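Shown below: work_29.cif, with mmCIF, C-alpha atoms, pLDDT in the B column; chains and numbers go by the auth columns.
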```cif
data_entry
loop_
_atom_site.group_PDB
_atom_site.id
_atom_site.type_symbol
_atom_site.label_atom_id
_atom_site.label_comp_id
_atom_site.label_asym_id
_atom_site.label_seq_id
_atom_site.Cartn_x
_atom_site.Cartn_y
_atom_site.Cartn_z
_atom_site.B_iso_or_equiv
_atom_site.auth_seq_id
_atom_site.auth_asym_id
ATOM 1 C CA MET A 1 -0.614 -6.059 161.518 57.00 108 U
ATOM 2 C CA SER A 2 -0.872 -2.307 161.005 64.00 109 U
ATOM 3 C CA GLN A 3 -0.798 -0.601 157.634 77.00 110 U
ATOM 4 C CA ILE A 4 2.112 1.739 157.011 81.00 111 U
ATOM 5 C CA LYS A 5 0.940 4.849 155.204 84.00 112 U
ATOM 6 C CA LYS A 6 3.265 5.961 152.426 80.00 113 U
ATOM 7 C CA GLU A 7 4.214 9.613 152.529 85.00 114 U
ATOM 8 C CA ILE A 8 3.436 11.262 149.192 82.00 115 U
ATOM 9 C CA ARG A 9 6.022 13.818 148.162 84.00 116 U
ATOM 10 C CA ILE A 10 5.102 16.844 146.146 88.00 117 U
ATOM 11 C CA ILE A 11 7.530 17.216 143.249 89.00 118 U
ATOM 12 C CA GLN A 12 8.183 20.688 141.864 92.00 119 U
ATOM 13 C CA PRO A 13 7.791 21.067 138.084 91.00 120 U
ATOM 14 C CA ASP A 14 11.003 21.314 136.088 90.00 121 U
ATOM 15 C CA PRO A 15 12.304 24.843 135.365 91.00 122 U
ATOM 16 C CA VAL A 16 12.356 24.697 131.530 91.00 123 U
ATOM 17 C CA TYR A 17 9.066 23.025 130.538 91.00 124 U
ATOM 18 C CA ASN A 18 7.235 23.661 133.834 93.00 125 U
ATOM 19 C CA ASP A 19 5.958 20.054 133.788 93.00 126 U
ATOM 20 C CA ILE A 20 5.780 17.652 136.738 94.00 127 U
ATOM 21 C CA LEU A 21 6.083 14.551 134.525 94.00 128 U
ATOM 22 C CA VAL A 22 9.371 15.843 133.058 94.00 129 U
ATOM 23 C CA ALA A 23 10.630 16.523 136.598 94.00 130 U
ATOM 24 C CA LYS A 24 9.783 12.936 137.605 94.00 131 U
ATOM 25 C CA PHE A 25 11.519 11.660 134.459 95.00 132 U
ATOM 26 C CA ILE A 26 14.647 13.665 135.343 95.00 133 U
ATOM 27 C CA ASN A 27 14.582 12.100 138.814 94.00 134 U
ATOM 28 C CA GLN A 28 14.354 8.630 137.223 94.00 135 U
ATOM 29 C CA VAL A 29 17.315 9.338 134.925 93.00 136 U
ATOM 30 C CA MET A 30 19.375 10.702 137.837 94.00 137 U
ATOM 31 C CA ARG A 31 22.068 8.442 139.285 94.00 138 U
ATOM 32 C CA ARG A 32 24.038 9.034 142.492 95.00 139 U
ATOM 33 C CA GLY A 33 22.348 12.389 143.137 93.00 140 U
ATOM 34 C CA LYS A 34 23.735 14.054 140.003 95.00 141 U
ATOM 35 C CA LYS A 35 20.593 15.961 139.117 93.00 142 U
ATOM 36 C CA GLU A 36 22.229 18.588 136.917 95.00 143 U
ATOM 37 C CA LYS A 37 23.732 15.883 134.722 95.00 144 U
ATOM 38 C CA ALA A 38 20.319 14.159 134.491 95.00 145 U
ATOM 39 C CA ARG A 39 18.690 17.488 133.542 94.00 146 U
ATOM 40 C CA LYS A 40 21.233 18.033 130.754 95.00 147 U
ATOM 41 C CA ILE A 41 20.578 14.523 129.391 95.00 148 U
ATOM 42 C CA VAL A 42 16.780 14.912 129.401 95.00 149 U
ATOM 43 C CA TYR A 43 16.828 18.455 127.949 95.00 150 U
ATOM 44 C CA LYS A 44 19.300 17.329 125.254 95.00 151 U
ATOM 45 C CA ALA A 45 16.916 14.462 124.417 94.00 152 U
ATOM 46 C CA LEU A 46 13.938 16.839 124.204 94.00 153 U
ATOM 47 C CA ASP A 47 15.924 19.267 121.993 94.00 154 U
ATOM 48 C CA THR A 48 16.912 16.369 119.715 94.00 155 U
ATOM 49 C CA ILE A 49 13.238 15.329 119.490 94.00 156 U
ATOM 50 C CA LYS A 50 12.329 18.882 118.419 93.00 157 U
ATOM 51 C CA GLU A 51 15.041 18.859 115.718 94.00 158 U
ATOM 52 C CA LYS A 52 14.153 15.410 114.355 92.00 159 U
ATOM 53 C CA THR A 53 10.343 15.534 114.416 91.00 160 U
ATOM 54 C CA LYS A 54 9.713 19.298 114.050 90.00 161 U
ATOM 55 C CA LYS A 55 6.949 18.857 116.659 91.00 162 U
ATOM 56 C CA GLU A 56 6.503 19.988 120.252 93.00 163 U
ATOM 57 C CA PRO A 57 8.855 17.744 122.315 92.00 164 U
ATOM 58 C CA LEU A 58 6.490 17.707 125.305 93.00 165 U
ATOM 59 C CA GLU A 59 3.708 16.206 123.156 93.00 166 U
ATOM 60 C CA ILE A 60 6.028 13.447 121.891 93.00 167 U
ATOM 61 C CA PHE A 61 7.255 12.817 125.457 94.00 168 U
ATOM 62 C CA ASN A 62 3.724 12.566 126.907 94.00 169 U
ATOM 63 C CA LEU A 63 2.573 10.337 124.041 94.00 170 U
ATOM 64 C CA ALA A 64 5.590 8.051 124.519 94.00 171 U
ATOM 65 C CA ILE A 65 4.902 7.674 128.259 94.00 172 U
ATOM 66 C CA GLN A 66 1.193 7.100 127.569 94.00 173 U
ATOM 67 C CA ASN A 67 1.929 4.434 124.922 95.00 174 U
ATOM 68 C CA THR A 68 4.424 2.639 127.170 95.00 175 U
ATOM 69 C CA SER A 69 2.168 2.598 130.254 94.00 176 U
ATOM 70 C CA PRO A 70 0.988 -0.959 131.032 93.00 177 U
ATOM 71 C CA LEU A 71 -2.625 -1.804 131.880 93.00 178 U
ATOM 72 C CA LEU A 72 -1.896 -5.245 133.388 91.00 179 U
ATOM 73 C CA GLU A 73 1.032 -6.911 135.110 90.00 180 U
ATOM 74 C CA VAL A 74 1.612 -10.225 136.862 89.00 181 U
ATOM 75 C CA LYS A 75 2.375 -10.511 140.559 89.00 182 U
ATOM 76 C CA PRO A 76 3.437 -13.740 142.223 89.00 183 U
ATOM 77 C CA LYS A 77 0.979 -15.080 144.832 87.00 184 U
ATOM 78 C CA ARG A 78 1.804 -18.049 146.995 88.00 185 U
ATOM 79 C CA ILE A 79 -1.183 -20.331 147.506 84.00 186 U
ATOM 80 C CA GLY A 80 -0.941 -23.726 149.144 87.00 187 U
ATOM 81 C CA GLY A 81 2.735 -24.342 148.420 89.00 188 U
ATOM 82 C CA ALA A 82 2.533 -23.247 144.784 89.00 189 U
ATOM 83 C CA THR A 83 3.396 -19.815 143.437 88.00 190 U
ATOM 84 C CA TYR A 84 1.045 -18.490 140.750 86.00 191 U
ATOM 85 C CA GLN A 85 1.641 -15.531 138.474 87.00 192 U
ATOM 86 C CA VAL A 86 -1.598 -13.626 139.055 87.00 193 U
ATOM 87 C CA PRO A 87 -2.552 -10.895 136.541 89.00 194 U
ATOM 88 C CA MET A 88 -3.496 -7.602 138.191 89.00 195 U
ATOM 89 C CA GLU A 89 -4.472 -4.162 136.983 90.00 196 U
ATOM 90 C CA VAL A 90 -1.747 -1.510 137.289 90.00 197 U
ATOM 91 C CA LYS A 91 -2.868 1.557 139.250 89.00 198 U
ATOM 92 C CA GLY A 92 -2.170 5.167 138.136 85.00 199 U
ATOM 93 C CA GLU A 93 1.122 6.205 139.724 89.00 200 U
ATOM 94 C CA ARG A 94 2.815 2.839 139.201 91.00 201 U
ATOM 95 C CA ARG A 95 1.728 2.865 135.553 94.00 202 U
ATOM 96 C CA THR A 96 3.711 6.018 134.727 94.00 203 U
ATOM 97 C CA THR A 97 6.652 4.921 136.890 94.00 204 U
ATOM 98 C CA LEU A 98 6.935 1.616 135.024 94.00 205 U
ATOM 99 C CA ALA A 99 6.639 3.393 131.672 95.00 206 U
ATOM 100 C CA MET A 100 9.453 5.801 132.546 95.00 207 U
ATOM 101 C CA ARG A 101 11.630 2.991 133.887 95.00 208 U
ATOM 102 C CA TRP A 102 11.149 0.911 130.727 95.00 209 U
ATOM 103 C CA VAL A 103 11.943 3.841 128.410 95.00 210 U
ATOM 104 C CA ILE A 104 15.153 4.606 130.326 95.00 211 U
ATOM 105 C CA GLN A 105 16.232 0.934 130.380 95.00 212 U
ATOM 106 C CA ALA A 106 15.565 0.611 126.649 94.00 213 U
ATOM 107 C CA ALA A 107 17.577 3.765 125.960 94.00 214 U
ATOM 108 C CA LYS A 108 20.474 2.506 128.113 93.00 215 U
ATOM 109 C CA SER A 109 20.570 -0.786 126.223 94.00 216 U
ATOM 110 C CA ARG A 110 21.214 1.018 122.903 91.00 217 U
ATOM 111 C CA LYS A 111 24.864 1.250 121.885 91.00 218 U
ATOM 112 C CA LYS A 112 27.499 3.789 120.831 90.00 219 U
ATOM 113 C CA LYS A 113 25.722 7.111 121.278 93.00 220 U
ATOM 114 C CA PRO A 114 25.428 9.705 124.040 93.00 221 U
ATOM 115 C CA MET A 115 22.565 9.045 126.472 93.00 222 U
ATOM 116 C CA GLY A 116 20.641 12.146 125.331 93.00 223 U
ATOM 117 C CA GLU A 117 20.452 10.864 121.747 94.00 224 U
ATOM 118 C CA LYS A 118 19.556 7.318 122.809 94.00 225 U
ATOM 119 C CA LEU A 119 16.775 8.672 125.029 95.00 226 U
ATOM 120 C CA ALA A 120 15.456 10.871 122.204 94.00 227 U
ATOM 121 C CA GLU A 121 15.366 7.942 119.762 94.00 228 U
ATOM 122 C CA GLU A 122 13.590 5.705 122.276 94.00 229 U
ATOM 123 C CA LEU A 123 10.997 8.392 123.081 94.00 230 U
ATOM 124 C CA ILE A 124 10.324 9.003 119.357 94.00 231 U
ATOM 125 C CA GLU A 125 9.925 5.249 118.748 94.00 232 U
ATOM 126 C CA ALA A 126 7.688 4.837 121.820 94.00 233 U
ATOM 127 C CA SER A 127 5.461 7.686 120.629 93.00 234 U
ATOM 128 C CA ALA A 128 5.053 5.764 117.347 93.00 235 U
ATOM 129 C CA ASN A 129 4.293 2.488 119.214 93.00 236 U
ATOM 130 C CA LYS A 130 7.660 0.914 118.327 92.00 237 U
ATOM 131 C CA GLY A 131 10.898 0.217 120.168 92.00 238 U
ATOM 132 C CA ALA A 132 12.136 -1.845 123.091 93.00 239 U
ATOM 133 C CA ALA A 133 9.985 -0.129 125.752 93.00 240 U
ATOM 134 C CA ILE A 134 6.796 -0.927 123.810 94.00 241 U
ATOM 135 C CA LYS A 135 7.997 -4.515 123.381 95.00 242 U
ATOM 136 C CA LYS A 136 8.436 -4.738 127.168 94.00 243 U
ATOM 137 C CA LYS A 137 4.856 -3.509 127.663 94.00 244 U
ATOM 138 C CA GLU A 138 3.520 -6.029 125.139 95.00 245 U
ATOM 139 C CA ASP A 139 5.497 -8.849 126.810 94.00 246 U
ATOM 140 C CA THR A 140 4.009 -7.879 130.181 93.00 247 U
ATOM 141 C CA HIS A 141 0.494 -7.862 128.711 92.00 248 U
ATOM 142 C CA ARG A 142 1.110 -11.220 126.999 93.00 249 U
ATOM 143 C CA MET A 143 2.296 -12.699 130.311 91.00 250 U
ATOM 144 C CA ALA A 144 -0.858 -11.414 132.046 89.00 251 U
ATOM 145 C CA GLU A 145 -3.027 -12.813 129.253 89.00 252 U
ATOM 146 C CA THR A 146 -1.315 -16.206 129.462 89.00 253 U
ATOM 147 C CA ASN A 147 -1.935 -16.412 133.202 86.00 254 U
ATOM 148 C CA ARG A 148 -5.547 -15.217 132.987 84.00 255 U
ATOM 149 C CA ALA A 149 -6.667 -18.568 134.442 85.00 256 U
ATOM 150 C CA PHE A 150 -5.228 -17.492 137.813 82.00 257 U
ATOM 151 C CA ALA A 151 -7.065 -14.150 137.863 80.00 258 U
ATOM 152 C CA HIS A 152 -9.506 -15.468 140.492 81.00 259 U
ATOM 153 C CA PHE A 153 -6.588 -15.485 143.001 76.00 260 U
ATOM 154 C CA ALA A 154 -6.373 -11.668 142.848 67.00 261 U
ATOM 155 C CA TRP A 155 -7.886 -10.318 146.036 62.00 262 U
#
```
Encoded form using structure tokens:
Amino acid sequence: MSQIKKEIRIIQPDPVYNDILVAKFINQVMRRGKKEKARKIVYKALDTIKEKTKKEPLEIFNLAIQNTSPLLEVKPKRIGGATYQVPMEVKGERRTTLAMRWVIQAAKSRKKKPMGEKLAEELIEASANKGAAIKKKEDTHRMAETNRAFAHFAW
């Protein structure tokens, strides 16, 4: 069985903040190839953050992603007919991807506001270690802690 090497794409930084993480976040928000719409949503969210907190929106954004990034997750491993939830450490790139995904999902689940505002609120809450995305991270960590007995199956 040969290993398939994943091609790593170089993502250009976004035009407004000149930040690669913001560009990746825009790509995560994007649906059906509508990048301009995704950009407007993310920039609206960052502008709203600046208005509400009176701080640099990029700092709040980076802090929110950092706070939401998981250290551990569980992966199912099949051993001798039984499937165990084995806790494993989350590596760098996947950590930020999961954090972004959770923030976007949490923002989508909020009701009766434009997406830009919902995203701004979720990012502000995540930067203060609150909100649905942080709860998702804590649930993931709790699940890994519960299944710590199966950690010896991680190889």
Please report the interatomic distance between atom CA of U:Leu170 and atom CA of U:Val193 in Å with one decimal.
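Interatomic distance here is 28.6 Å.
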Proximity to U:Asn236 - best of U:Pro194, U:Ile172, U:Asp126, U:Lys113, all atoms listed in the file
U:Ile172
Pick from U:Ala130, U:Ile148, U:Leu178, U:Met195 nearest to U:Phe260, counting only C-alpha atoms
U:Met195
Closest of U:Tyr124, U:Phe257, U:Trp209, U:Phe132 to U:Leu165 - atom-to-atom distances counting only C-alpha atoms
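Closest to U:Leu165 of all the choices is U:Tyr124.
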Report as JSON, numbers by chain the full result of the PyMOL selection byres ((chain U and resi 226-233) around 8) when it is applied to this structure.
{"U": [149, 152, 153, 155, 156, 167, 168, 170, 171, 172, 174, 175, 210, 211, 213, 214, 215, 222, 223, 224, 225, 234, 235, 236, 237, 238, 239, 240, 241]}
Since I can't run it myself right now, could you work out what the PyMOL selection byres ((chain U and resi 133) around 12) selects here and report it as a VMD selection string?
chain U and resid 118 to 124 126 to 132 134 to 138 140 to 153 204 207 to 208 211 223 226
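Within the 6 Å cut-off around U:Leu179, using all atoms listed in the file and omitting residues fewer than 4 positions from it on the same chain, the listed residues are Met195, Glu196, Val197 and His248 of chain U.
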Restrict the selected residues to C-alpha atoms and save them as a compact mmCIF listing (two decimals), in the coordinates of the input.
```txt
# COMPACT_ATOMS: atom_id res chain seq x y z
CA MET U 195 -3.50 -7.60 138.19
CA GLU U 196 -4.47 -4.16 136.98
CA VAL U 197 -1.75 -1.51 137.29
CA HIS U 248 0.49 -7.86 128.71
```
Which value, in Å to one decimal, gives the distance between atom CA of U:Gly199 and atom CA of U:Glu180?
12.9 Å
Contact residues around U:Asn254 with all atoms listed in the file at 9 Å, ignoring same-chain residues under 4 positions, as a list in words:
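Result of the neighbour search: Val181, Tyr191, Gln192, Val193, Pro194, Arg249, Met250 and Ala258 of chain U.
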Might I get the box with edges along x, y and z of the file that holds all atoms of stretch 123-132 of chain U listed there, padded by 6 Å on every side, given as centre and edge lengths in Å to one decimal, as AutoDock Vina command-line options?
```
--center_x 9.1 --center_y 18.2 --center_z 134.1 --size_x 18.6 --size_y 25.0 --size_z 19.1
```
Any chance you could model N, CA and C atoms for stretch 192-216 of chain U and send them as a PDB file, in the coordinates of the input?
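Saved as result12.pdb:
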```pdb
ATOM      1  N   GLN U 192       1.489 -16.875 139.022  1.00 87.00           N
ATOM      2  CA  GLN U 192       1.641 -15.531 138.474  1.00 87.00           C
ATOM      3  C   GLN U 192       0.233 -14.991 138.225  1.00 87.00           C
ATOM      4  N   VAL U 193      -0.219 -14.111 139.110  1.00 87.00           N
ATOM      5  CA  VAL U 193      -1.598 -13.626 139.055  1.00 87.00           C
ATOM      6  C   VAL U 193      -1.646 -12.281 138.328  1.00 87.00           C
ATOM      7  N   PRO U 194      -2.437 -12.182 137.244  1.00 89.00           N
ATOM      8  CA  PRO U 194      -2.552 -10.895 136.541  1.00 89.00           C
ATOM      9  C   PRO U 194      -3.349  -9.887 137.373  1.00 89.00           C
ATOM     10  N   MET U 195      -2.834  -8.667 137.437  1.00 89.00           N
ATOM     11  CA  MET U 195      -3.496  -7.602 138.191  1.00 89.00           C
ATOM     12  C   MET U 195      -3.448  -6.310 137.393  1.00 89.00           C
ATOM     13  N   GLU U 196      -4.437  -5.462 137.639  1.00 90.00           N
ATOM     14  CA  GLU U 196      -4.472  -4.162 136.983  1.00 90.00           C
ATOM     15  C   GLU U 196      -3.410  -3.259 137.610  1.00 90.00           C
ATOM     16  N   VAL U 197      -2.764  -2.435 136.791  1.00 90.00           N
ATOM     17  CA  VAL U 197      -1.747  -1.510 137.289  1.00 90.00           C
ATOM     18  C   VAL U 197      -2.432  -0.177 137.603  1.00 90.00           C
ATOM     19  N   LYS U 198      -2.244   0.308 138.829  1.00 89.00           N
ATOM     20  CA  LYS U 198      -2.868   1.557 139.250  1.00 89.00           C
ATOM     21  C   LYS U 198      -2.065   2.765 138.724  1.00 89.00           C
ATOM     22  N   GLY U 199      -2.669   3.932 138.755  1.00 85.00           N
ATOM     23  CA  GLY U 199      -2.170   5.167 138.136  1.00 85.00           C
ATOM     24  C   GLY U 199      -0.706   5.515 138.285  1.00 85.00           C
ATOM     25  N   GLU U 200      -0.247   5.737 139.500  1.00 89.00           N
ATOM     26  CA  GLU U 200       1.122   6.205 139.724  1.00 89.00           C
ATOM     27  C   GLU U 200       2.150   5.177 139.279  1.00 89.00           C
ATOM     28  N   ARG U 201       1.893   3.915 139.579  1.00 91.00           N
ATOM     29  CA  ARG U 201       2.815   2.839 139.201  1.00 91.00           C
ATOM     30  C   ARG U 201       2.896   2.705 137.676  1.00 91.00           C
ATOM     31  N   ARG U 202       1.783   2.964 137.014  1.00 94.00           N
ATOM     32  CA  ARG U 202       1.728   2.865 135.553  1.00 94.00           C
ATOM     33  C   ARG U 202       2.758   3.794 134.902  1.00 94.00           C
ATOM     34  N   THR U 203       2.765   5.061 135.317  1.00 94.00           N
ATOM     35  CA  THR U 203       3.711   6.018 134.727  1.00 94.00           C
ATOM     36  C   THR U 203       5.147   5.711 135.158  1.00 94.00           C
ATOM     37  N   THR U 204       5.310   5.258 136.400  1.00 94.00           N
ATOM     38  CA  THR U 204       6.652   4.921 136.890  1.00 94.00           C
ATOM     39  C   THR U 204       7.248   3.776 136.075  1.00 94.00           C
ATOM     40  N   LEU U 205       6.457   2.736 135.834  1.00 94.00           N
ATOM     41  CA  LEU U 205       6.935   1.616 135.024  1.00 94.00           C
ATOM     42  C   LEU U 205       7.259   2.069 133.602  1.00 94.00           C
ATOM     43  N   ALA U 206       6.412   2.901 133.033  1.00 95.00           N
ATOM     44  CA  ALA U 206       6.639   3.393 131.672  1.00 95.00           C
ATOM     45  C   ALA U 206       7.966   4.144 131.584  1.00 95.00           C
ATOM     46  N   MET U 207       8.201   5.043 132.535  1.00 95.00           N
ATOM     47  CA  MET U 207       9.453   5.801 132.546  1.00 95.00           C
ATOM     48  C   MET U 207      10.653   4.872 132.707  1.00 95.00           C
ATOM     49  N   ARG U 208      10.541   3.936 133.630  1.00 95.00           N
ATOM     50  CA  ARG U 208      11.630   2.991 133.887  1.00 95.00           C
ATOM     51  C   ARG U 208      11.967   2.194 132.629  1.00 95.00           C
ATOM     52  N   TRP U 209      10.939   1.722 131.924  1.00 95.00           N
ATOM     53  CA  TRP U 209      11.149   0.911 130.727  1.00 95.00           C
ATOM     54  C   TRP U 209      11.780   1.730 129.610  1.00 95.00           C
ATOM     55  N   VAL U 210      11.362   2.980 129.444  1.00 95.00           N
ATOM     56  CA  VAL U 210      11.943   3.841 128.410  1.00 95.00           C
ATOM     57  C   VAL U 210      13.423   4.082 128.693  1.00 95.00           C
ATOM     58  N   ILE U 211      13.757   4.352 129.956  1.00 95.00           N
ATOM     59  CA  ILE U 211      15.153   4.606 130.326  1.00 95.00           C
ATOM     60  C   ILE U 211      16.005   3.351 130.133  1.00 95.00           C
ATOM     61  N   GLN U 212      15.486   2.192 130.566  1.00 95.00           N
ATOM     62  CA  GLN U 212      16.232   0.934 130.380  1.00 95.00           C
ATOM     63  C   GLN U 212      16.461   0.642 128.909  1.00 95.00           C
ATOM     64  N   ALA U 213      15.443   0.858 128.088  1.00 94.00           N
ATOM     65  CA  ALA U 213      15.565   0.611 126.649  1.00 94.00           C
ATOM     66  C   ALA U 213      16.603   1.544 126.027  1.00 94.00           C
ATOM     67  N   ALA U 214      16.599   2.802 126.475  1.00 94.00           N
ATOM     68  CA  ALA U 214      17.577   3.765 125.960  1.00 94.00           C
ATOM     69  C   ALA U 214      18.995   3.372 126.382  1.00 94.00           C
ATOM     70  N   LYS U 215      19.149   2.922 127.622  1.00 93.00           N
ATOM     71  CA  LYS U 215      20.474   2.506 128.113  1.00 93.00           C
ATOM     72  C   LYS U 215      21.014   1.312 127.339  1.00 93.00           C
ATOM     73  N   SER U 216      20.125   0.426 126.903  1.00 94.00           N
ATOM     74  CA  SER U 216      20.570  -0.786 126.223  1.00 94.00           C
ATOM     75  C   SER U 216      21.035  -0.523 124.786  1.00 94.00           C
TER      76      SER U 216
END
```
